[in-house]
file protein15.cif (mmCIF, N, CA and C atoms and all ligand atoms)
data_run
loop_
_atom_site.label_atom_id
_atom_site.label_comp_id
_atom_site.auth_asym_id
_atom_site.auth_seq_id
_atom_site.Cartn_x
_atom_site.Cartn_y
_atom_site.Cartn_z
N MET A 14 137.56 27.16 2.00
CA MET A 14 136.75 26.87 0.83
C MET A 14 137.41 25.76 0.02
N LYS A 15 136.58 24.91 -0.54
CA LYS A 15 137.13 23.70 -1.17
C LYS A 15 137.56 23.93 -2.62
N LYS A 16 136.66 24.55 -3.39
CA LYS A 16 136.93 24.72 -4.83
C LYS A 16 135.87 25.64 -5.40
N ILE A 17 136.09 26.07 -6.62
CA ILE A 17 135.02 26.80 -7.30
C ILE A 17 133.96 25.77 -7.67
N GLU A 18 132.75 26.02 -7.22
CA GLU A 18 131.66 25.07 -7.48
C GLU A 18 131.04 25.35 -8.84
N HIS A 19 130.79 26.62 -9.10
CA HIS A 19 130.30 26.99 -10.44
C HIS A 19 130.50 28.49 -10.67
N ILE A 20 130.31 28.87 -11.92
CA ILE A 20 130.32 30.28 -12.28
C ILE A 20 128.92 30.62 -12.77
N GLY A 21 128.35 31.68 -12.23
CA GLY A 21 126.99 32.08 -12.59
C GLY A 21 127.01 33.19 -13.63
N ILE A 22 126.23 33.02 -14.68
CA ILE A 22 126.19 34.01 -15.76
C ILE A 22 124.75 34.48 -15.94
N ALA A 23 124.56 35.80 -15.88
CA ALA A 23 123.23 36.39 -16.05
C ALA A 23 122.92 36.49 -17.54
N VAL A 24 121.76 35.98 -17.93
CA VAL A 24 121.36 36.02 -19.34
C VAL A 24 119.94 36.57 -19.46
N LYS A 25 119.66 37.11 -20.64
CA LYS A 25 118.32 37.67 -20.86
C LYS A 25 117.32 36.59 -21.27
N ASP A 26 117.82 35.63 -22.03
CA ASP A 26 116.92 34.64 -22.60
C ASP A 26 117.55 33.26 -22.45
N LEU A 27 117.05 32.52 -21.47
CA LEU A 27 117.68 31.25 -21.11
C LEU A 27 117.69 30.27 -22.29
N GLU A 28 116.60 30.27 -23.05
CA GLU A 28 116.52 29.31 -24.15
C GLU A 28 117.61 29.59 -25.19
N LYS A 29 117.73 30.86 -25.53
CA LYS A 29 118.77 31.25 -26.51
C LYS A 29 120.15 30.94 -25.97
N SER A 30 120.37 31.23 -24.70
CA SER A 30 121.69 31.02 -24.11
C SER A 30 121.99 29.53 -23.95
N ASN A 31 120.97 28.74 -23.69
CA ASN A 31 121.17 27.29 -23.64
C ASN A 31 121.69 26.79 -24.99
N ALA A 32 121.12 27.33 -26.06
CA ALA A 32 121.55 26.93 -27.40
C ALA A 32 122.98 27.41 -27.66
N LEU A 33 123.27 28.63 -27.23
CA LEU A 33 124.60 29.20 -27.43
C LEU A 33 125.67 28.39 -26.68
N PHE A 34 125.39 28.08 -25.41
CA PHE A 34 126.38 27.36 -24.61
C PHE A 34 126.50 25.91 -25.06
N LYS A 35 125.43 25.38 -25.64
CA LYS A 35 125.52 24.04 -26.22
C LYS A 35 126.52 24.06 -27.39
N GLN A 36 126.42 25.10 -28.21
CA GLN A 36 127.38 25.24 -29.31
C GLN A 36 128.80 25.40 -28.78
N LEU A 37 128.91 26.23 -27.75
CA LEU A 37 130.22 26.55 -27.19
C LEU A 37 130.88 25.32 -26.57
N LEU A 38 130.12 24.59 -25.75
CA LEU A 38 130.70 23.50 -24.96
C LEU A 38 130.59 22.14 -25.65
N GLY A 39 129.76 22.09 -26.68
CA GLY A 39 129.61 20.82 -27.39
C GLY A 39 128.70 19.84 -26.70
N LYS A 40 127.96 20.30 -25.70
CA LYS A 40 126.94 19.44 -25.09
C LYS A 40 125.86 20.29 -24.43
N SER A 41 124.72 19.65 -24.26
CA SER A 41 123.56 20.36 -23.71
C SER A 41 123.67 20.55 -22.21
N HIS A 42 122.86 21.45 -21.68
CA HIS A 42 122.74 21.57 -20.23
C HIS A 42 122.16 20.26 -19.68
N TYR A 43 122.46 19.96 -18.44
CA TYR A 43 121.99 18.69 -17.89
C TYR A 43 120.81 18.87 -16.96
N LYS A 44 120.51 20.12 -16.60
CA LYS A 44 119.26 20.33 -15.88
C LYS A 44 118.87 21.80 -15.87
N THR A 45 117.59 22.03 -15.63
CA THR A 45 117.11 23.39 -15.42
C THR A 45 116.34 23.37 -14.11
N GLU A 46 116.29 24.52 -13.48
CA GLU A 46 115.61 24.60 -12.20
C GLU A 46 115.15 26.03 -11.98
N GLU A 47 113.95 26.18 -11.46
CA GLU A 47 113.47 27.50 -11.11
C GLU A 47 113.60 27.69 -9.61
N VAL A 48 114.17 28.83 -9.20
CA VAL A 48 114.23 29.15 -7.77
C VAL A 48 113.27 30.32 -7.57
N ILE A 49 112.08 30.00 -7.13
CA ILE A 49 111.00 30.99 -7.09
C ILE A 49 111.33 32.14 -6.13
N SER A 50 111.92 31.79 -4.98
CA SER A 50 112.24 32.82 -3.98
C SER A 50 113.23 33.85 -4.53
N GLU A 51 114.05 33.46 -5.49
CA GLU A 51 115.05 34.38 -6.06
C GLU A 51 114.58 35.00 -7.38
N GLY A 52 113.44 34.53 -7.85
CA GLY A 52 112.95 35.04 -9.13
C GLY A 52 113.86 34.70 -10.30
N VAL A 53 114.38 33.47 -10.30
CA VAL A 53 115.26 33.06 -11.40
C VAL A 53 114.93 31.66 -11.92
N LYS A 54 115.24 31.50 -13.20
CA LYS A 54 115.26 30.19 -13.83
C LYS A 54 116.71 29.92 -14.17
N THR A 55 117.18 28.73 -13.86
CA THR A 55 118.60 28.43 -14.06
C THR A 55 118.76 27.19 -14.94
N SER A 56 119.90 27.12 -15.59
CA SER A 56 120.27 25.86 -16.24
C SER A 56 121.74 25.62 -15.95
N PHE A 57 122.11 24.35 -15.93
CA PHE A 57 123.48 23.98 -15.56
C PHE A 57 124.15 23.21 -16.68
N PHE A 58 125.39 23.57 -16.93
CA PHE A 58 126.24 22.89 -17.89
C PHE A 58 127.45 22.35 -17.16
N LYS A 59 127.98 21.25 -17.69
CA LYS A 59 129.25 20.74 -17.16
C LYS A 59 130.34 20.96 -18.18
N SER A 60 131.49 21.36 -17.68
CA SER A 60 132.67 21.42 -18.53
C SER A 60 133.76 20.74 -17.74
N GLY A 61 134.02 19.48 -18.04
CA GLY A 61 134.92 18.71 -17.19
C GLY A 61 134.37 18.69 -15.79
N PRO A 62 135.21 18.98 -14.79
CA PRO A 62 134.74 18.94 -13.41
C PRO A 62 134.01 20.23 -13.01
N ASN A 63 133.93 21.18 -13.90
CA ASN A 63 133.38 22.49 -13.56
C ASN A 63 131.97 22.68 -14.08
N LYS A 64 131.27 23.57 -13.39
CA LYS A 64 129.88 23.83 -13.77
C LYS A 64 129.69 25.30 -14.12
N ILE A 65 128.76 25.51 -15.04
CA ILE A 65 128.34 26.86 -15.37
C ILE A 65 126.84 26.93 -15.15
N GLU A 66 126.42 27.96 -14.46
CA GLU A 66 125.01 28.17 -14.18
C GLU A 66 124.54 29.40 -14.96
N LEU A 67 123.57 29.21 -15.82
CA LEU A 67 122.97 30.36 -16.50
C LEU A 67 121.74 30.78 -15.72
N LEU A 68 121.56 32.09 -15.56
CA LEU A 68 120.43 32.59 -14.77
C LEU A 68 119.62 33.60 -15.57
N GLU A 69 118.34 33.35 -15.65
CA GLU A 69 117.42 34.29 -16.29
C GLU A 69 116.40 34.75 -15.26
N ALA A 70 116.11 36.04 -15.25
CA ALA A 70 115.12 36.56 -14.30
C ALA A 70 113.72 36.12 -14.71
N THR A 71 112.91 35.79 -13.71
CA THR A 71 111.51 35.47 -14.02
C THR A 71 110.58 36.63 -13.69
N ASP A 72 111.08 37.62 -12.98
CA ASP A 72 110.30 38.85 -12.80
C ASP A 72 111.22 40.05 -12.67
N SER A 73 110.66 41.23 -12.80
CA SER A 73 111.49 42.44 -12.91
C SER A 73 112.13 42.83 -11.58
N GLU A 74 111.67 42.21 -10.47
CA GLU A 74 112.26 42.51 -9.16
C GLU A 74 113.42 41.57 -8.84
N SER A 75 113.63 40.62 -9.69
CA SER A 75 114.68 39.63 -9.45
C SER A 75 116.05 40.31 -9.45
N PRO A 76 116.96 39.86 -8.56
CA PRO A 76 118.32 40.41 -8.57
C PRO A 76 118.98 40.29 -9.95
N ILE A 77 118.62 39.26 -10.69
CA ILE A 77 119.20 39.07 -12.03
C ILE A 77 118.70 40.15 -12.99
N ALA A 78 117.41 40.48 -12.88
CA ALA A 78 116.85 41.55 -13.73
C ALA A 78 117.57 42.87 -13.44
N LYS A 79 117.80 43.13 -12.16
CA LYS A 79 118.47 44.39 -11.78
C LYS A 79 119.91 44.42 -12.23
N PHE A 80 120.57 43.27 -12.13
CA PHE A 80 121.96 43.17 -12.57
C PHE A 80 122.07 43.48 -14.06
N ILE A 81 121.19 42.86 -14.85
CA ILE A 81 121.26 43.04 -16.31
C ILE A 81 120.91 44.49 -16.68
N GLU A 82 119.96 45.06 -15.95
CA GLU A 82 119.60 46.46 -16.18
C GLU A 82 120.82 47.37 -16.00
N LYS A 83 121.59 47.08 -14.96
CA LYS A 83 122.74 47.94 -14.64
C LYS A 83 123.96 47.63 -15.50
N LYS A 84 124.24 46.34 -15.67
CA LYS A 84 125.54 45.96 -16.26
C LYS A 84 125.42 45.19 -17.56
N GLY A 85 124.22 44.77 -17.90
CA GLY A 85 124.07 43.92 -19.08
C GLY A 85 124.35 42.47 -18.74
N GLU A 86 124.26 41.62 -19.73
CA GLU A 86 124.52 40.21 -19.50
C GLU A 86 125.99 40.00 -19.16
N GLY A 87 126.28 38.92 -18.46
CA GLY A 87 127.67 38.62 -18.17
C GLY A 87 127.85 37.84 -16.89
N ILE A 88 129.10 37.70 -16.49
CA ILE A 88 129.39 36.93 -15.28
C ILE A 88 128.75 37.63 -14.09
N HIS A 89 127.97 36.88 -13.35
CA HIS A 89 127.20 37.43 -12.24
C HIS A 89 127.81 37.08 -10.89
N HIS A 90 128.25 35.84 -10.74
CA HIS A 90 128.88 35.46 -9.47
C HIS A 90 129.81 34.26 -9.66
N ILE A 91 130.68 34.10 -8.67
CA ILE A 91 131.51 32.90 -8.58
C ILE A 91 131.13 32.19 -7.29
N ALA A 92 130.85 30.91 -7.41
CA ALA A 92 130.41 30.15 -6.24
C ALA A 92 131.50 29.20 -5.78
N PHE A 93 131.74 29.20 -4.48
CA PHE A 93 132.72 28.31 -3.87
C PHE A 93 132.01 27.27 -3.02
N ALA A 94 132.43 26.03 -3.14
CA ALA A 94 131.88 24.97 -2.30
C ALA A 94 132.53 25.03 -0.93
N VAL A 95 131.71 24.88 0.11
CA VAL A 95 132.23 24.82 1.47
C VAL A 95 131.59 23.63 2.19
N ASP A 96 132.29 23.12 3.20
CA ASP A 96 131.75 21.99 3.96
C ASP A 96 130.80 22.45 5.03
N ASP A 97 131.15 23.56 5.67
CA ASP A 97 130.35 24.05 6.80
C ASP A 97 130.08 25.53 6.59
N ILE A 98 128.93 25.81 6.02
CA ILE A 98 128.64 27.17 5.57
C ILE A 98 128.56 28.15 6.75
N LEU A 99 128.03 27.69 7.88
CA LEU A 99 127.89 28.60 9.03
C LEU A 99 129.26 28.96 9.60
N ALA A 100 130.14 27.98 9.67
CA ALA A 100 131.50 28.24 10.16
C ALA A 100 132.21 29.21 9.21
N GLU A 101 131.98 29.02 7.92
CA GLU A 101 132.64 29.86 6.92
C GLU A 101 132.11 31.31 7.00
N VAL A 102 130.81 31.45 7.21
CA VAL A 102 130.22 32.78 7.36
C VAL A 102 130.84 33.49 8.57
N LYS A 103 130.96 32.74 9.64
CA LYS A 103 131.53 33.31 10.87
C LYS A 103 132.97 33.77 10.62
N ARG A 104 133.72 32.92 9.95
CA ARG A 104 135.12 33.24 9.67
C ARG A 104 135.22 34.49 8.79
N LEU A 105 134.40 34.56 7.75
CA LEU A 105 134.48 35.68 6.82
C LEU A 105 133.99 36.98 7.44
N GLU A 106 132.98 36.87 8.31
CA GLU A 106 132.51 38.06 9.03
C GLU A 106 133.64 38.62 9.88
N LYS A 107 134.34 37.72 10.54
CA LYS A 107 135.47 38.14 11.38
C LYS A 107 136.55 38.82 10.55
N GLU A 108 136.72 38.35 9.33
CA GLU A 108 137.72 38.93 8.42
C GLU A 108 137.26 40.26 7.83
N GLY A 109 136.01 40.62 8.11
CA GLY A 109 135.54 41.94 7.67
C GLY A 109 134.76 41.96 6.37
N PHE A 110 134.41 40.79 5.84
CA PHE A 110 133.61 40.77 4.62
C PHE A 110 132.15 41.08 4.94
N THR A 111 131.46 41.68 3.97
CA THR A 111 130.05 41.99 4.15
C THR A 111 129.21 40.82 3.63
N ILE A 112 128.49 40.21 4.55
CA ILE A 112 127.66 39.05 4.20
C ILE A 112 126.25 39.57 3.87
N LEU A 113 125.71 39.16 2.75
CA LEU A 113 124.37 39.63 2.37
C LEU A 113 123.28 38.90 3.13
N ASN A 114 123.44 37.62 3.34
CA ASN A 114 122.48 36.86 4.16
C ASN A 114 123.25 35.90 5.07
N SER A 115 123.32 36.24 6.36
CA SER A 115 124.09 35.38 7.28
C SER A 115 123.36 34.07 7.51
N THR A 116 122.04 34.07 7.32
CA THR A 116 121.28 32.83 7.41
C THR A 116 121.23 32.23 6.01
N PRO A 117 121.83 31.06 5.85
CA PRO A 117 121.86 30.46 4.51
C PRO A 117 120.45 30.24 3.97
N LYS A 118 120.30 30.45 2.66
CA LYS A 118 119.00 30.17 2.06
C LYS A 118 119.13 29.08 1.02
N LYS A 119 117.98 28.55 0.65
CA LYS A 119 117.99 27.45 -0.30
C LYS A 119 118.20 27.98 -1.71
N GLY A 120 119.27 27.51 -2.37
CA GLY A 120 119.53 27.92 -3.74
C GLY A 120 119.22 26.79 -4.71
N ALA A 121 119.63 26.98 -5.93
CA ALA A 121 119.44 25.93 -6.93
C ALA A 121 120.38 24.77 -6.64
N ASP A 122 120.11 23.63 -7.27
CA ASP A 122 121.04 22.51 -7.26
C ASP A 122 121.22 21.90 -5.87
N ASN A 123 120.13 21.94 -5.07
CA ASN A 123 120.17 21.30 -3.76
C ASN A 123 121.29 21.83 -2.85
N LYS A 124 121.38 23.17 -2.79
CA LYS A 124 122.46 23.78 -2.01
C LYS A 124 121.90 24.80 -1.03
N LEU A 125 122.61 24.95 0.07
CA LEU A 125 122.40 26.10 0.94
C LEU A 125 123.37 27.17 0.49
N VAL A 126 122.90 28.41 0.35
CA VAL A 126 123.78 29.43 -0.20
C VAL A 126 123.80 30.70 0.65
N VAL A 127 124.95 31.36 0.62
CA VAL A 127 125.16 32.66 1.26
C VAL A 127 125.91 33.51 0.24
N PHE A 128 125.56 34.78 0.17
CA PHE A 128 126.26 35.68 -0.75
C PHE A 128 127.06 36.73 0.01
N LEU A 129 128.21 37.07 -0.54
CA LEU A 129 129.02 38.17 0.01
C LEU A 129 128.84 39.38 -0.89
N HIS A 130 128.72 40.53 -0.27
CA HIS A 130 128.51 41.75 -1.05
C HIS A 130 129.74 42.06 -1.90
N PRO A 131 129.51 42.37 -3.18
CA PRO A 131 130.66 42.63 -4.07
C PRO A 131 131.52 43.81 -3.62
N LYS A 132 130.96 44.73 -2.83
CA LYS A 132 131.77 45.88 -2.41
C LYS A 132 132.93 45.44 -1.51
N SER A 133 132.79 44.26 -0.88
CA SER A 133 133.88 43.79 -0.02
C SER A 133 134.76 42.76 -0.73
N THR A 134 134.46 42.46 -1.98
CA THR A 134 135.23 41.43 -2.69
C THR A 134 135.63 41.88 -4.11
N ASN A 135 136.16 43.08 -4.18
CA ASN A 135 136.66 43.60 -5.47
C ASN A 135 135.63 43.59 -6.59
N GLY A 136 134.38 43.82 -6.21
CA GLY A 136 133.35 43.96 -7.24
C GLY A 136 132.78 42.65 -7.75
N VAL A 137 133.20 41.54 -7.13
CA VAL A 137 132.69 40.24 -7.58
C VAL A 137 131.72 39.68 -6.54
N LEU A 138 130.52 39.38 -6.97
CA LEU A 138 129.57 38.73 -6.07
C LEU A 138 130.04 37.30 -5.83
N ILE A 139 130.21 36.96 -4.55
CA ILE A 139 130.70 35.62 -4.19
C ILE A 139 129.58 34.83 -3.55
N GLU A 140 129.40 33.63 -4.00
CA GLU A 140 128.42 32.72 -3.40
C GLU A 140 129.16 31.61 -2.68
N LEU A 141 128.73 31.31 -1.46
CA LEU A 141 129.22 30.12 -0.79
C LEU A 141 128.11 29.08 -0.89
N CYS A 142 128.44 27.86 -1.18
CA CYS A 142 127.38 26.87 -1.21
C CYS A 142 127.79 25.56 -0.57
N GLN A 143 126.85 25.03 0.16
CA GLN A 143 127.06 23.77 0.84
C GLN A 143 126.01 22.79 0.36
N GLU A 144 126.45 21.63 -0.03
CA GLU A 144 125.55 20.57 -0.48
C GLU A 144 124.60 20.22 0.67
N VAL A 145 123.31 20.13 0.34
CA VAL A 145 122.34 19.67 1.34
C VAL A 145 122.36 18.15 1.33
N GLU A 146 122.42 17.58 2.54
CA GLU A 146 122.53 16.12 2.59
C GLU A 146 121.18 15.45 2.40
N GLY A 147 121.25 14.26 1.91
CA GLY A 147 120.03 13.47 1.71
C GLY A 147 119.12 14.06 0.67
N LYS A 148 119.41 13.83 -0.61
CA LYS A 148 118.65 14.43 -1.71
C LYS A 148 117.22 13.90 -1.79
ZN ZN B 1 125.15 30.18 -8.23
#
call {"tool": "encode", "arguments": {"input": "protein15.cif", "output": "structure tokens", "more": "lines below"}}
Ligand code: ZN
result
Amino acid sequence: MKKIEHIGIAVKDLEKSNALFKQLLGKSHYKTEEVISEGVKTSFFKSGPNKIELLEATDSESPIAKFIEKKGEGIHHIAFAVDDILAEVKRLEKEGFTILNSTPKKGADNKLVVFLHPKSTNGVLIELCQEVEGK
């Protein structure tokens, strides 16, 4: 894995949280994006070389809605950038991690994403993401 790509934070109200994080970081989010297949609306902030992704559920079946129901708002996942997501999935499977989707799916921010089950990673949902080429 190359680096932490972003930290994902589950929020109840994206608009309110956009305002809050603008106050916190001293600058606005640079984009918003809806990922319909995941039932989420996202916004992205930059803090130096690092990114923060805020996630709001767009329907009650969304994983984000379920997360907030169980745990409340807060850090939802840590995403790591990888060069070859399929090779990384294979490696991690061999190491005994539980992969939630071995077939990468399209996530926000022009990325292919795979999630690891938090039960195999000390309770932290891990996202692997690979930049999709040719935007
Ligand atoms: Zn993410």
call {"tool": "residues_around", "arguments": {"input": "protein15.cif", "residues": "stretch 22-31 of chain A", "least_positions_apart": "2", "cutoff": "10 Å", "atoms": "only C-alpha atoms", "output": "ChimeraX atom specification"}}
result
/A:19-20,33-37,40-42,45,53-58,65-71,76-78,80-81,84-91
call {"tool": "write_last_selection", "arguments": {"input": "protein15.cif", "atoms": "N, CA and C atoms", "output": "short mmCIF file (atom, residue, chain, number, x, y, z; two decimals), keeping the file's coordinate frame"}}
result
data_model
loop_
_atom_site.label_atom_id
_atom_site.label_comp_id
_atom_site.auth_asym_id
_atom_site.auth_seq_id
_atom_site.Cartn_x
_atom_site.Cartn_y
_atom_site.Cartn_z
N HIS A 19 130.79 26.62 -9.10
CA HIS A 19 130.30 26.99 -10.44
C HIS A 19 130.50 28.49 -10.67
N ILE A 20 130.31 28.87 -11.92
CA ILE A 20 130.32 30.28 -12.28
C ILE A 20 128.92 30.62 -12.77
N LEU A 33 123.27 28.63 -27.23
CA LEU A 33 124.60 29.20 -27.43
C LEU A 33 125.67 28.39 -26.68
N PHE A 34 125.39 28.08 -25.41
CA PHE A 34 126.38 27.36 -24.61
C PHE A 34 126.50 25.91 -25.06
N LYS A 35 125.43 25.38 -25.64
CA LYS A 35 125.52 24.04 -26.22
C LYS A 35 126.52 24.06 -27.39
N GLN A 36 126.42 25.10 -28.21
CA GLN A 36 127.38 25.24 -29.31
C GLN A 36 128.80 25.40 -28.78
N LEU A 37 128.91 26.23 -27.75
CA LEU A 37 130.22 26.55 -27.19
C LEU A 37 130.88 25.32 -26.57
N LYS A 40 127.96 20.30 -25.70
CA LYS A 40 126.94 19.44 -25.09
C LYS A 40 125.86 20.29 -24.43
N SER A 41 124.72 19.65 -24.26
CA SER A 41 123.56 20.36 -23.71
C SER A 41 123.67 20.55 -22.21
N HIS A 42 122.86 21.45 -21.68
CA HIS A 42 122.74 21.57 -20.23
C HIS A 42 122.16 20.26 -19.68
N THR A 45 117.59 22.03 -15.63
CA THR A 45 117.11 23.39 -15.42
C THR A 45 116.34 23.37 -14.11
N VAL A 53 114.38 33.47 -10.30
CA VAL A 53 115.26 33.06 -11.40
C VAL A 53 114.93 31.66 -11.92
N LYS A 54 115.24 31.50 -13.20
CA LYS A 54 115.26 30.19 -13.83
C LYS A 54 116.71 29.92 -14.17
N THR A 55 117.18 28.73 -13.86
CA THR A 55 118.60 28.43 -14.06
C THR A 55 118.76 27.19 -14.94
N SER A 56 119.90 27.12 -15.59
CA SER A 56 120.27 25.86 -16.24
C SER A 56 121.74 25.62 -15.95
N PHE A 57 122.11 24.35 -15.93
CA PHE A 57 123.48 23.98 -15.56
C PHE A 57 124.15 23.21 -16.68
N PHE A 58 125.39 23.57 -16.93
CA PHE A 58 126.24 22.89 -17.89
C PHE A 58 127.45 22.35 -17.16
N ILE A 65 128.76 25.51 -15.04
CA ILE A 65 128.34 26.86 -15.37
C ILE A 65 126.84 26.93 -15.15
N GLU A 66 126.42 27.96 -14.46
CA GLU A 66 125.01 28.17 -14.18
C GLU A 66 124.54 29.40 -14.96
N LEU A 67 123.57 29.21 -15.82
CA LEU A 67 122.97 30.36 -16.50
C LEU A 67 121.74 30.78 -15.72
N LEU A 68 121.56 32.09 -15.56
CA LEU A 68 120.43 32.59 -14.77
C LEU A 68 119.62 33.60 -15.57
N GLU A 69 118.34 33.35 -15.65
CA GLU A 69 117.42 34.29 -16.29
C GLU A 69 116.40 34.75 -15.26
N ALA A 70 116.11 36.04 -15.25
CA ALA A 70 115.12 36.56 -14.30
C ALA A 70 113.72 36.12 -14.71
N THR A 71 112.91 35.79 -13.71
CA THR A 71 111.51 35.47 -14.02
C THR A 71 110.58 36.63 -13.69
N PRO A 76 116.96 39.86 -8.56
CA PRO A 76 118.32 40.41 -8.57
C PRO A 76 118.98 40.29 -9.95
N ILE A 77 118.62 39.26 -10.69
CA ILE A 77 119.20 39.07 -12.03
C ILE A 77 118.70 40.15 -12.99
N ALA A 78 117.41 40.48 -12.88
CA ALA A 78 116.85 41.55 -13.73
C ALA A 78 117.57 42.87 -13.44
N PHE A 80 120.57 43.27 -12.13
CA PHE A 80 121.96 43.17 -12.57
C PHE A 80 122.07 43.48 -14.06
N ILE A 81 121.19 42.86 -14.85
CA ILE A 81 121.26 43.04 -16.31
C ILE A 81 120.91 44.49 -16.68
N LYS A 84 124.24 46.34 -15.67
CA LYS A 84 125.54 45.96 -16.26
C LYS A 84 125.42 45.19 -17.56
N GLY A 85 124.22 44.77 -17.90
CA GLY A 85 124.07 43.92 -19.08
C GLY A 85 124.35 42.47 -18.74
N GLU A 86 124.26 41.62 -19.73
CA GLU A 86 124.52 40.21 -19.50
C GLU A 86 125.99 40.00 -19.16
N GLY A 87 126.28 38.92 -18.46
CA GLY A 87 127.67 38.62 -18.17
C GLY A 87 127.85 37.84 -16.89
N ILE A 88 129.10 37.70 -16.49
CA ILE A 88 129.39 36.93 -15.28
C ILE A 88 128.75 37.63 -14.09
N HIS A 89 127.97 36.88 -13.35
CA HIS A 89 127.20 37.43 -12.24
C HIS A 89 127.81 37.08 -10.89
N HIS A 90 128.25 35.84 -10.74
CA HIS A 90 128.88 35.46 -9.47
C HIS A 90 129.81 34.26 -9.66
N ILE A 91 130.68 34.10 -8.67
CA ILE A 91 131.51 32.90 -8.58
C ILE A 91 131.13 32.19 -7.29
#
call {"tool": "closest_residue", "arguments": {"input": "protein15.cif", "among": "A:Pro131, A:Pro62, A:Gly136, A:Gly120", "to": "ligand ZN 1 (chain B)", "atoms": "only N, CA and C atoms and all ligand atoms"}}
result
A:Gly120
call {"tool": "atom_distance", "arguments": {"input": "protein15.cif", "atom1": "atom N of A:Gly52", "atom2": "atom N of A:Glu146"}}
result
21.8 Å
call {"tool": "closest_residue", "arguments": {"input": "protein15.cif", "among": "A:His130, A:Lys124, A:Lys107, A:Lys15", "to": "ligand ZN 1 (chain B)", "atoms": "only C-alpha atoms and all ligand atoms"}}
result
A:Lys124
call {"tool": "select_by_dssp", "arguments": {"input": "protein15.cif", "residues": "stretch 17-126 of chain A", "states": "alpha helix (DSSP H)", "output": "short mmCIF file (atom, residue, chain, number, x, y, z; two decimals) with N, CA and C atoms, keeping the file's coordinate frame"}}
result
data_model
loop_
_atom_site.label_atom_id
_atom_site.label_comp_id
_atom_site.auth_asym_id
_atom_site.auth_seq_id
_atom_site.Cartn_x
_atom_site.Cartn_y
_atom_site.Cartn_z
N LEU A 27 117.05 32.52 -21.47
CA LEU A 27 117.68 31.25 -21.11
C LEU A 27 117.69 30.27 -22.29
N GLU A 28 116.60 30.27 -23.05
CA GLU A 28 116.52 29.31 -24.15
C GLU A 28 117.61 29.59 -25.19
N LYS A 29 117.73 30.86 -25.53
CA LYS A 29 118.77 31.25 -26.51
C LYS A 29 120.15 30.94 -25.97
N SER A 30 120.37 31.23 -24.70
CA SER A 30 121.69 31.02 -24.11
C SER A 30 121.99 29.53 -23.95
N ASN A 31 120.97 28.74 -23.69
CA ASN A 31 121.17 27.29 -23.64
C ASN A 31 121.69 26.79 -24.99
N ALA A 32 121.12 27.33 -26.06
CA ALA A 32 121.55 26.93 -27.40
C ALA A 32 122.98 27.41 -27.66
N LEU A 33 123.27 28.63 -27.23
CA LEU A 33 124.60 29.20 -27.43
C LEU A 33 125.67 28.39 -26.68
N PHE A 34 125.39 28.08 -25.41
CA PHE A 34 126.38 27.36 -24.61
C PHE A 34 126.50 25.91 -25.06
N LYS A 35 125.43 25.38 -25.64
CA LYS A 35 125.52 24.04 -26.22
C LYS A 35 126.52 24.06 -27.39
N GLN A 36 126.42 25.10 -28.21
CA GLN A 36 127.38 25.24 -29.31
C GLN A 36 128.80 25.40 -28.78
N LEU A 37 128.91 26.23 -27.75
CA LEU A 37 130.22 26.55 -27.19
C LEU A 37 130.88 25.32 -26.57
N LEU A 38 130.12 24.59 -25.75
CA LEU A 38 130.70 23.50 -24.96
C LEU A 38 130.59 22.14 -25.65
N PRO A 76 116.96 39.86 -8.56
CA PRO A 76 118.32 40.41 -8.57
C PRO A 76 118.98 40.29 -9.95
N ILE A 77 118.62 39.26 -10.69
CA ILE A 77 119.20 39.07 -12.03
C ILE A 77 118.70 40.15 -12.99
N ALA A 78 117.41 40.48 -12.88
CA ALA A 78 116.85 41.55 -13.73
C ALA A 78 117.57 42.87 -13.44
N LYS A 79 117.80 43.13 -12.16
CA LYS A 79 118.47 44.39 -11.78
C LYS A 79 119.91 44.42 -12.23
N PHE A 80 120.57 43.27 -12.13
CA PHE A 80 121.96 43.17 -12.57
C PHE A 80 122.07 43.48 -14.06
N ILE A 81 121.19 42.86 -14.85
CA ILE A 81 121.26 43.04 -16.31
C ILE A 81 120.91 44.49 -16.68
N GLU A 82 119.96 45.06 -15.95
CA GLU A 82 119.60 46.46 -16.18
C GLU A 82 120.82 47.37 -16.00
N LYS A 83 121.59 47.08 -14.96
CA LYS A 83 122.74 47.94 -14.64
C LYS A 83 123.96 47.63 -15.50
N LYS A 84 124.24 46.34 -15.67
CA LYS A 84 125.54 45.96 -16.26
C LYS A 84 125.42 45.19 -17.56
N ILE A 98 128.93 25.81 6.02
CA ILE A 98 128.64 27.17 5.57
C ILE A 98 128.56 28.15 6.75
N LEU A 99 128.03 27.69 7.88
CA LEU A 99 127.89 28.60 9.03
C LEU A 99 129.26 28.96 9.60
N ALA A 100 130.14 27.98 9.67
CA ALA A 100 131.50 28.24 10.16
C ALA A 100 132.21 29.21 9.21
N GLU A 101 131.98 29.02 7.92
CA GLU A 101 132.64 29.86 6.92
C GLU A 101 132.11 31.31 7.00
N VAL A 102 130.81 31.45 7.21
CA VAL A 102 130.22 32.78 7.36
C VAL A 102 130.84 33.49 8.57
N LYS A 103 130.96 32.74 9.64
CA LYS A 103 131.53 33.31 10.87
C LYS A 103 132.97 33.77 10.62
N ARG A 104 133.72 32.92 9.95
CA ARG A 104 135.12 33.24 9.67
C ARG A 104 135.22 34.49 8.79
N LEU A 105 134.40 34.56 7.75
CA LEU A 105 134.48 35.68 6.82
C LEU A 105 133.99 36.98 7.44
N GLU A 106 132.98 36.87 8.31
CA GLU A 106 132.51 38.06 9.03
C GLU A 106 133.64 38.62 9.88
N LYS A 107 134.34 37.72 10.54
CA LYS A 107 135.47 38.14 11.38
C LYS A 107 136.55 38.82 10.55
#
call {"tool": "decode", "arguments": {"input": "protein15.cif", "residues": "stretch 113-121 of chain A", "atoms": "C-alpha atoms", "output": "mmCIF file, in the first residue's frame"}}
result
data_model
loop_
_atom_site.group_PDB
_atom_site.id
_atom_site.type_symbol
_atom_site.label_atom_id
_atom_site.label_comp_id
_atom_site.auth_asym_id
_atom_site.auth_seq_id
_atom_site.Cartn_x
_atom_site.Cartn_y
_atom_site.Cartn_z
ATOM 1 C CA LEU A 113 -16.071 -7.577 1.651
ATOM 2 C CA ASN A 114 -16.002 -7.330 -2.147
ATOM 3 C CA SER A 115 -13.208 -9.164 -3.968
ATOM 4 C CA THR A 116 -14.423 -7.616 -7.211
ATOM 5 C CA PRO A 117 -13.534 -3.931 -7.033
ATOM 6 C CA LYS A 118 -16.437 -1.544 -7.404
ATOM 7 C CA LYS A 119 -16.623 2.007 -8.554
ATOM 8 C CA GLY A 120 -16.337 4.441 -5.653
ATOM 9 C CA ALA A 121 -16.265 8.196 -5.396
#
